[in-house]
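Peer 1: The following file, model00.txt, comprises compact mmCIF, C-alpha atoms and all ligand atoms:
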```
# COMPACT_ATOMS: atom_id res chain seq x y z
CA MET M 1 -32.24 4.78 6.49
CA GLY M 2 -32.26 6.30 3.01
CA GLN M 3 -33.06 4.13 0.06
CA GLY M 4 -29.55 4.80 -1.34
CA LEU M 5 -28.00 2.87 1.53
CA GLN M 6 -29.73 -0.43 0.70
CA PRO M 7 -27.30 -2.79 -0.97
CA PRO M 8 -26.37 -3.23 -3.73
CA ILE M 9 -25.31 0.41 -3.60
CA PRO M 10 -25.14 1.81 -7.15
CA ALA M 11 -21.73 3.27 -7.94
CA GLY M 12 -23.14 5.60 -10.60
CA GLY M 13 -23.25 5.37 -14.38
CA ALA M 14 -20.99 2.70 -15.79
CA TRP M 15 -18.74 2.50 -18.83
CA GLU M 16 -19.34 -1.06 -19.83
CA PHE M 17 -17.95 -3.64 -22.24
CA SER M 18 -17.95 -7.39 -21.83
CA TRP M 19 -14.35 -7.18 -20.61
CA LEU M 20 -14.56 -3.88 -18.75
CA ASN M 21 -17.03 -2.34 -16.35
CA LEU M 22 -15.98 1.01 -14.92
CA SER M 23 -18.31 3.27 -12.97
CA SER M 24 -17.84 7.04 -13.22
CA PRO M 25 -16.02 7.16 -9.84
CA ASP M 26 -13.71 4.42 -11.17
CA ILE M 27 -12.95 6.48 -14.26
CA ILE M 28 -12.32 9.64 -12.23
CA VAL M 29 -9.82 7.82 -9.99
CA VAL M 30 -7.98 6.14 -12.87
CA VAL M 31 -7.72 9.39 -14.86
CA LEU M 32 -6.53 11.24 -11.74
CA MET M 33 -3.83 8.59 -11.17
CA VAL M 34 -2.58 8.89 -14.74
CA VAL M 35 -2.57 12.72 -14.59
CA ILE M 36 -0.70 12.83 -11.26
CA PHE M 37 1.83 10.26 -12.50
CA ILE M 38 2.53 12.28 -15.66
CA LEU M 39 2.82 15.51 -13.65
CA ALA M 40 5.25 13.82 -11.24
CA ILE M 41 7.49 12.89 -14.15
CA ALA M 42 7.12 16.14 -16.09
CA LEU M 43 7.33 18.79 -13.36
CA PRO M 44 10.82 19.78 -12.19
CA PHE M 45 11.46 19.14 -8.50
CA PRO M 46 12.00 22.39 -6.61
CA GLY M 47 15.27 23.14 -4.89
CA GLY M 48 17.53 20.70 -6.77
CA LYS M 49 20.47 23.10 -7.03
CA GLU M 50 23.76 21.22 -6.70
CA MET Q 1 36.53 -16.88 20.74
CA SER Q 2 34.04 -19.67 20.26
CA LYS Q 3 30.92 -19.01 18.21
CA ASN Q 4 27.55 -18.94 19.87
CA TRP Q 5 24.21 -17.85 18.44
CA THR Q 6 24.03 -14.43 20.10
CA ARG Q 7 27.46 -13.63 18.76
CA SER Q 8 26.78 -14.82 15.21
CA LEU Q 9 23.41 -13.07 15.19
CA ARG Q 10 25.06 -9.83 16.31
CA ASP Q 11 27.74 -10.15 13.63
CA ARG Q 12 25.06 -10.87 11.06
CA LEU Q 13 22.96 -7.84 12.09
CA GLN Q 14 26.02 -5.60 12.10
CA GLN Q 15 26.83 -6.72 8.60
CA GLU Q 16 23.26 -6.65 7.21
CA ILE Q 17 21.83 -3.49 8.76
CA PRO Q 18 23.46 -0.36 7.39
CA MET Q 19 23.35 1.84 10.50
CA GLU Q 20 25.17 4.71 8.80
CA HIS Q 21 22.70 4.69 5.84
CA LEU Q 22 19.44 4.24 7.79
CA LEU Q 23 18.46 7.93 7.98
CA PRO Q 24 20.39 9.66 5.22
CA ASP Q 25 20.63 13.45 4.95
CA THR Q 26 21.90 13.44 1.37
CA LEU Q 27 20.70 11.50 -1.66
CA PRO Q 28 22.01 11.07 -5.22
CA LYS Q 29 21.27 13.86 -7.72
CA TYR Q 30 18.84 11.75 -9.74
CA VAL Q 31 16.47 11.45 -6.77
CA ASP Q 32 15.22 15.05 -7.20
CA SER Q 33 11.95 14.04 -8.86
CA TYR Q 34 8.40 13.78 -7.55
CA VAL Q 35 8.31 10.16 -8.76
CA TYR Q 36 10.38 9.13 -5.74
CA LEU Q 37 7.79 10.58 -3.32
CA PHE Q 38 5.10 7.97 -3.97
CA GLY Q 39 6.64 5.43 -1.58
CA VAL Q 40 6.77 7.84 1.32
CA LEU Q 41 3.25 9.12 0.55
CA THR Q 42 2.04 5.52 0.81
CA LEU Q 43 3.90 5.23 4.09
CA ALA Q 44 2.30 8.44 5.43
CA ALA Q 45 -1.16 7.17 4.49
CA PHE Q 46 -0.38 3.89 6.29
CA VAL Q 47 0.52 5.75 9.48
CA TRP Q 48 -2.85 7.57 9.35
CA ILE Q 49 -4.65 4.26 8.78
CA ILE Q 50 -3.08 2.78 11.92
CA LEU Q 51 -3.76 5.88 14.05
CA SER Q 52 -7.41 6.33 12.97
CA GLY Q 53 -8.02 2.56 13.09
CA THR Q 54 -6.73 2.34 16.65
CA ILE Q 55 -9.21 5.02 17.74
CA LEU Q 56 -12.07 3.21 15.94
CA ALA Q 57 -11.11 -0.05 17.67
CA ILE Q 58 -11.09 1.60 21.11
CA PHE Q 59 -14.58 3.11 20.88
CA GLY Q 60 -16.37 0.53 18.72
CA PRO Q 61 -19.08 0.44 16.03
CA ASP Q 62 -21.93 2.07 17.96
CA TRP Q 63 -19.65 5.08 18.37
CA TRP Q 64 -18.35 5.30 14.80
CA HIS Q 65 -21.84 4.89 13.31
CA VAL Q 66 -23.69 7.31 15.58
CA SER Q 67 -21.51 10.02 17.09
CA PRO Q 68 -20.33 12.91 14.88
CA VAL Q 69 -16.78 12.52 16.21
CA GLY Q 70 -17.04 8.80 15.45
CA HIS Q 71 -18.14 9.65 11.91
CA PHE Q 72 -15.12 11.91 11.60
CA PHE Q 73 -12.65 9.19 12.57
CA ASN Q 74 -14.48 6.65 10.40
CA SER Q 75 -14.07 9.03 7.44
CA LEU Q 76 -10.45 9.67 8.34
CA HIS Q 77 -9.83 5.91 8.27
CA PHE Q 78 -11.71 5.52 4.97
CA TRP Q 79 -9.93 8.35 3.16
CA SER Q 80 -6.51 7.30 4.47
CA ILE Q 81 -7.16 3.92 2.87
CA GLN Q 82 -8.18 5.57 -0.41
CA SER Q 83 -4.93 7.54 -0.52
CA PHE Q 84 -2.92 4.50 0.63
CA PHE Q 85 -4.06 2.46 -2.37
CA PHE Q 86 -3.90 5.46 -4.71
CA PHE Q 87 -0.26 6.18 -3.90
CA MET Q 88 0.69 2.48 -3.65
CA ILE Q 89 -0.45 1.99 -7.27
CA LEU Q 90 1.49 5.08 -8.41
CA HIS Q 91 4.52 3.79 -6.43
CA LEU Q 92 4.16 0.42 -8.16
CA TRP Q 93 4.04 2.08 -11.62
CA ALA Q 94 7.11 4.15 -10.78
CA GLN Q 95 9.13 1.14 -9.57
CA PHE Q 96 7.95 -0.94 -12.53
CA LEU Q 97 8.88 1.67 -15.13
CA MET Q 98 12.37 2.14 -13.69
CA ALA Q 99 12.80 -1.62 -13.23
CA ALA Q 100 13.65 -1.00 -9.59
CA TRP Q 101 14.27 -4.71 -8.93
CA ARG Q 102 17.71 -4.36 -10.55
CA ASP Q 103 21.07 -5.00 -8.83
CA GLY Q 104 19.94 -7.25 -6.00
CA ARG Q 105 16.75 -5.33 -5.15
CA HIS Q 106 14.49 -8.29 -6.01
CA PHE Q 107 13.30 -8.79 -2.44
CA THR Q 108 12.27 -5.13 -2.20
CA TRP Q 109 10.10 -5.73 -5.26
CA ILE Q 110 8.72 -9.10 -4.12
CA GLY Q 111 8.06 -7.74 -0.63
CA GLY Q 112 6.23 -4.81 -2.23
CA TRP Q 113 3.96 -7.23 -4.05
CA LEU Q 114 3.32 -9.18 -0.85
CA MET Q 115 2.30 -5.94 0.87
CA PHE Q 116 -0.01 -5.16 -2.03
CA LEU Q 117 -1.74 -8.54 -1.73
CA VAL Q 118 -1.99 -8.39 2.07
CA SER Q 119 -3.41 -4.85 1.76
CA ILE Q 120 -6.19 -6.15 -0.48
CA LEU Q 121 -7.06 -8.77 2.15
CA ALA Q 122 -6.99 -6.03 4.78
CA GLY Q 123 -9.38 -4.01 2.61
CA LEU Q 124 -11.77 -6.97 2.27
CA THR Q 125 -11.78 -7.72 6.01
CA GLY Q 126 -12.20 -3.99 6.65
CA TYR Q 127 -15.34 -3.84 4.52
CA LEU Q 128 -16.60 -6.84 6.49
CA SER Q 129 -15.91 -5.03 9.78
CA GLN Q 130 -18.06 -1.98 9.06
CA ASN Q 131 -21.01 -3.37 11.03
CA ASN Q 132 -23.68 -2.24 8.60
CA PHE Q 133 -25.90 -3.77 5.91
CA ASP Q 134 -23.19 -3.24 3.34
CA ALA Q 135 -20.78 -5.43 5.33
CA GLN Q 136 -23.40 -8.18 5.61
CA TRP Q 137 -24.12 -7.98 1.91
CA ILE Q 138 -20.42 -8.31 1.01
CA ALA Q 139 -19.96 -11.24 3.42
CA VAL Q 140 -22.94 -13.16 2.09
CA GLN Q 141 -21.94 -12.58 -1.53
CA GLY Q 142 -18.23 -13.18 -0.97
CA LYS Q 143 -18.58 -16.44 0.99
CA ASP Q 144 -19.57 -18.23 -2.22
CA ALA Q 145 -16.34 -17.13 -3.89
CA MET Q 146 -14.33 -18.35 -0.88
CA ASN Q 147 -16.17 -21.68 -0.89
CA ALA Q 148 -15.60 -22.05 -4.63
CA ALA Q 149 -11.90 -21.39 -4.06
CA GLY Q 150 -11.89 -24.14 -1.44
CA ILE Q 151 -10.83 -21.90 1.46
CA GLY Q 152 -14.28 -21.20 2.92
CA GLY Q 153 -13.61 -23.72 5.69
CA PHE Q 154 -10.92 -21.68 7.39
CA PHE Q 155 -11.59 -18.23 5.89
CA ASN Q 156 -15.26 -17.80 6.70
CA LEU Q 157 -16.52 -14.35 5.69
CA LEU Q 158 -19.62 -14.79 7.86
CA ASN Q 159 -17.50 -15.27 10.99
CA PHE Q 160 -17.32 -11.66 12.15
CA GLY Q 161 -14.93 -12.34 15.03
CA GLN Q 162 -12.45 -13.99 12.67
CA MET Q 163 -12.68 -11.21 10.08
CA TYR Q 164 -12.41 -8.45 12.69
CA SER Q 165 -9.35 -9.99 14.40
CA LEU Q 166 -7.67 -10.49 11.04
CA HIS Q 167 -8.44 -6.87 10.19
CA ILE Q 168 -7.29 -5.19 13.38
CA PHE Q 169 -4.48 -7.51 14.44
CA VAL Q 170 -3.09 -10.19 12.12
CA LEU Q 171 -3.03 -8.32 8.80
CA PRO Q 172 -1.73 -5.00 10.20
CA LEU Q 173 1.00 -6.94 12.03
CA ILE Q 174 2.05 -8.73 8.82
CA LEU Q 175 2.03 -5.40 6.95
CA ILE Q 176 4.16 -3.68 9.59
CA LEU Q 177 6.71 -6.53 9.54
CA LEU Q 178 6.87 -6.56 5.72
CA LEU Q 179 7.13 -2.77 5.67
CA GLY Q 180 10.03 -2.85 8.13
CA GLY Q 181 11.83 -5.27 5.81
CA HIS Q 182 10.97 -3.14 2.75
CA LEU Q 183 12.42 0.01 4.31
CA LEU Q 184 15.56 -1.76 5.64
CA LEU Q 185 16.23 -3.25 2.19
CA ILE Q 186 15.80 0.15 0.54
CA ARG Q 187 18.32 1.76 2.87
CA LYS Q 188 20.67 -1.21 2.51
CA HIS Q 189 20.77 -1.06 -1.28
CA GLY Q 190 20.38 2.70 -1.73
CA VAL Q 191 18.13 4.27 -4.35
CA VAL Q 192 18.20 2.43 -7.67
CA GLU Q 193 20.17 4.18 -10.46
CA PRO Q 194 18.23 5.50 -13.46
CA LEU Q 195 18.06 3.11 -16.41
CA PRO Q 196 20.98 3.47 -18.88
CA PRO Q 197 20.06 5.10 -22.20
CA ASP Q 198 18.97 2.61 -24.84
CA PRO Q 199 21.94 2.15 -27.25
CA LYS Q 200 19.57 1.15 -30.06
CA SER Q 201 17.44 4.27 -29.81
CA GLU Q 202 17.72 6.71 -32.72
CA VAL Q 203 16.73 9.76 -30.72
CA ARG Q 204 19.57 11.48 -28.86
CA GLN Q 205 18.74 13.89 -26.11
CA GLY Q 206 20.30 17.31 -25.49
C1 LIG M 301 2.61 -0.78 1.87
C2 LIG M 301 2.92 -0.25 0.71
C3 LIG M 301 4.29 0.31 0.38
C4 LIG M 301 5.02 1.25 1.07
C5 LIG M 301 4.60 2.01 2.35
C6 LIG M 301 6.27 1.43 0.35
C7 LIG M 301 7.27 2.32 0.73
C8 LIG M 301 8.43 2.54 -0.01
C9 LIG M 301 9.35 3.64 0.19
C10 LIG M 301 9.20 4.74 1.26
C11 LIG M 301 10.36 3.51 -0.72
C12 LIG M 301 11.57 4.44 -0.96
C13 LIG M 301 11.14 5.69 -1.71
C14 LIG M 301 10.64 5.45 -3.11
O1 LIG M 301 11.43 5.01 -4.00
O2 LIG M 301 9.46 5.70 -3.36
C15 LIG M 301 10.10 2.30 -1.48
C16 LIG M 301 10.93 1.78 -2.47
C17 LIG M 301 10.64 0.68 -3.25
N1 LIG M 301 9.41 0.04 -3.32
FE1 LIG M 301 7.87 0.28 -2.01
N2 LIG M 301 6.29 0.57 -0.74
C18 LIG M 301 5.09 -0.11 -0.76
C19 LIG M 301 4.67 -1.02 -1.72
C20 LIG M 301 5.44 -1.42 -2.82
C21 LIG M 301 4.96 -2.17 -3.94
C22 LIG M 301 3.48 -2.62 -4.14
C23 LIG M 301 6.03 -2.38 -4.78
C24 LIG M 301 6.09 -3.11 -6.10
C25 LIG M 301 5.69 -4.33 -6.26
C26 LIG M 301 7.20 -1.77 -4.17
C27 LIG M 301 8.48 -1.80 -4.68
C28 LIG M 301 9.51 -0.98 -4.27
C29 LIG M 301 10.87 -1.03 -4.77
C30 LIG M 301 11.41 -2.03 -5.82
C31 LIG M 301 11.58 0.00 -4.13
C32 LIG M 301 13.08 0.31 -4.27
C33 LIG M 301 13.31 1.48 -5.18
C34 LIG M 301 14.78 1.88 -5.17
O3 LIG M 301 15.63 1.08 -4.78
O4 LIG M 301 15.02 3.01 -5.60
N3 LIG M 301 6.80 -1.17 -2.98
N4 LIG M 301 8.92 1.73 -1.04
```
Kindly present the structure from the file in structure tokens form.
Peer 2:
Amino acid sequence: MGQGLQPPIPAGGAWEFSWLNLSSPDIIVVVLMVVIFILAIALPFPGGKE
Amino acid sequence: MSKNWTRSLRDRLQQEIPMEHLLPDTLPKYVDSYVYLFGVLTLAAFVWIILSGTILAIFGPDWWHVSPVGHFFNSLHFWSIQSFFFFMILHLWAQFLMAAWRDGRHFTWIGGWLMFLVSILAGLTGYLSQNNFDAQWIAVQGKDAMNAAGIGGFFNLLNFGQMYSLHIFVLPLILILLLGGHLLLIRKHGVVEPLPPDPKSEVRQG
């Protein structure tokens, strides 16, 4: 088994403060959630004619 | 006619369950926004979780760790869970920002929170059910937290049988029951109206 599969499995570089510890995958997911949420509010829904 | 429990239960159900609103073909004008899709996206992800999980349960860990088809269904299960939580959080933001607990919808909101908490437990027991070193690592680390919380005696992370049965039976069953209630309540109350414009706000639109 590859060395990368031995726990603890590193989640990648981390953005770290005493009160916050986000790995790069964490940041990607959070940013993606915010972007999709804003798009869902901003984009007009197709086919709303009446 | 005298009352008996079948009769009163039937009357109750007839009154509580809005048969004519269960599967609507029209919705209010304000519902034409992507924000209202997050709930049903969560629901779709949940259906995929149940389907892929059932296949994993039938064939077992030596299949999902070794066979390419097993890997495929393992990944399907994993990514369905990622999208389930992703859309559940967006759904939660949407309902929070439109204060969707208004006008008697409080149990829809509270039930939503219960599903969120049960889902986290399902995620934990799922990680413990992987049958790899990672699962063992999580169990051995997590047991200390459970002992510190005083629940290690009946929620023992090292007891694989207990964790696996919780993961594939008890927690999914609770989620399905809560989800049934959530959806019935939504159809009973109808979609929540948009918030009224703030009378104090200086900015006028249009
Ligand atoms: C298992 C996860 C969940 C599923 C599958 C789910 C599904 C749904 C669906 C399909 C709707 C109707 C469509 C919509 O407005 O998006 C809905 C509405 C609603 N959900 Fe959820 N939900 C879940 C979790 C939650 C959570 C975590 C909350 C918040 C704590 C929540 C609160 C609500 C409320 C208040 C409504 C009513 C909105 C209205 O009346 O317009 N739900 N849910």
Peer 1: Pick out the closest residue to ligand LIG 301 (chain M) from this set: Q:Met98, Q:Leu76, Q:Leu13, Q:Leu92. Count only C-alpha atoms and all ligand atoms.
Peer 2: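 Selected residue with least distance to ligand LIG 301 (chain M): Q:Leu92.
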Peer 1: So how far away is atom CA of Tyr34 of chain Q from atom C9 of ligand LIG 301 (chain M), in Å?
Peer 2: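 Atom-to-atom, atom C9 of ligand LIG 301 (chain M) to atom CA of Tyr34 of chain Q, that is 12.8 Å.
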Peer 1: Around all the atoms of ligand LIG 301 (chain M) listed in the file, draw an axis-aligned box and extend it by 8 Å on each of the six sides; I want its centre and edge lengths in Å to one decimal, as lines of an AutoDock Vina configuration file.
Peer 2:
```
center_x = 9.1
center_y = 0.7
center_z = -2.0
size_x = 29.0
size_y = 26.0
size_z = 24.6
```
Peer 1: Can I get the residues close to ligand LIG 301 (chain M) as a PyMOL selection string, where close means within 9 Å and we count all atoms listed in the file?
Peer 2: chain Q and resi 31+35-46+84-85+87-89+91-96+98-102+105-119+175-176+178-179+182-183+185-187+189-194
Peer 1: Could you tell me which of Q:Asn159, Q:Ile120, Q:Lys29, Q:Ala145 comes closest to chain M if we count only C-alpha atoms?
Peer 2: Q:Lys29
Peer 1: Write out as an MDAnalysis selection string which residues come within 12 Å of Ser165 of chain Q when counting only C-alpha atoms, dropping same-chain ones fewer than 3 positions away.
Peer 2: chainID Q and resid 57 122 125:126 128:129 159:162 168:173
Peer 1: Got a sec to pull out which chain Q residues are within 7 Å of chain M, counting only C-alpha atoms, and send them as a short mmCIF file (atom, residue, chain, number, x, y, z; two decimals) with C-alpha atoms, in the frame of the given file?
Peer 2:
```
data_model
loop_
_atom_site.label_atom_id
_atom_site.label_comp_id
_atom_site.auth_asym_id
_atom_site.auth_seq_id
_atom_site.Cartn_x
_atom_site.Cartn_y
_atom_site.Cartn_z
CA ASP Q 32 15.22 15.05 -7.20
CA SER Q 33 11.95 14.04 -8.86
CA TYR Q 34 8.40 13.78 -7.55
CA VAL Q 35 8.31 10.16 -8.76
CA LEU Q 90 1.49 5.08 -8.41
CA ASP Q 134 -23.19 -3.24 3.34
CA TRP Q 137 -24.12 -7.98 1.91
#
```
Peer 1: In Å, with one decimal, what is the gap from atom CA of Asp103 of chain Q to atom CA of Pro18 of chain Q?
Peer 2: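 Between atom CA of Asp103 of chain Q and atom CA of Pro18 of chain Q the gap is 17.0 Å.
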Peer 1: To one decimal place, how far is atom CA of Ala135 of chain Q from atom CA of His65 of chain Q in Å?
Peer 2: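 Atom CA of His65 of chain Q lies at a distance of 13.1 Å from atom CA of Ala135 of chain Q.
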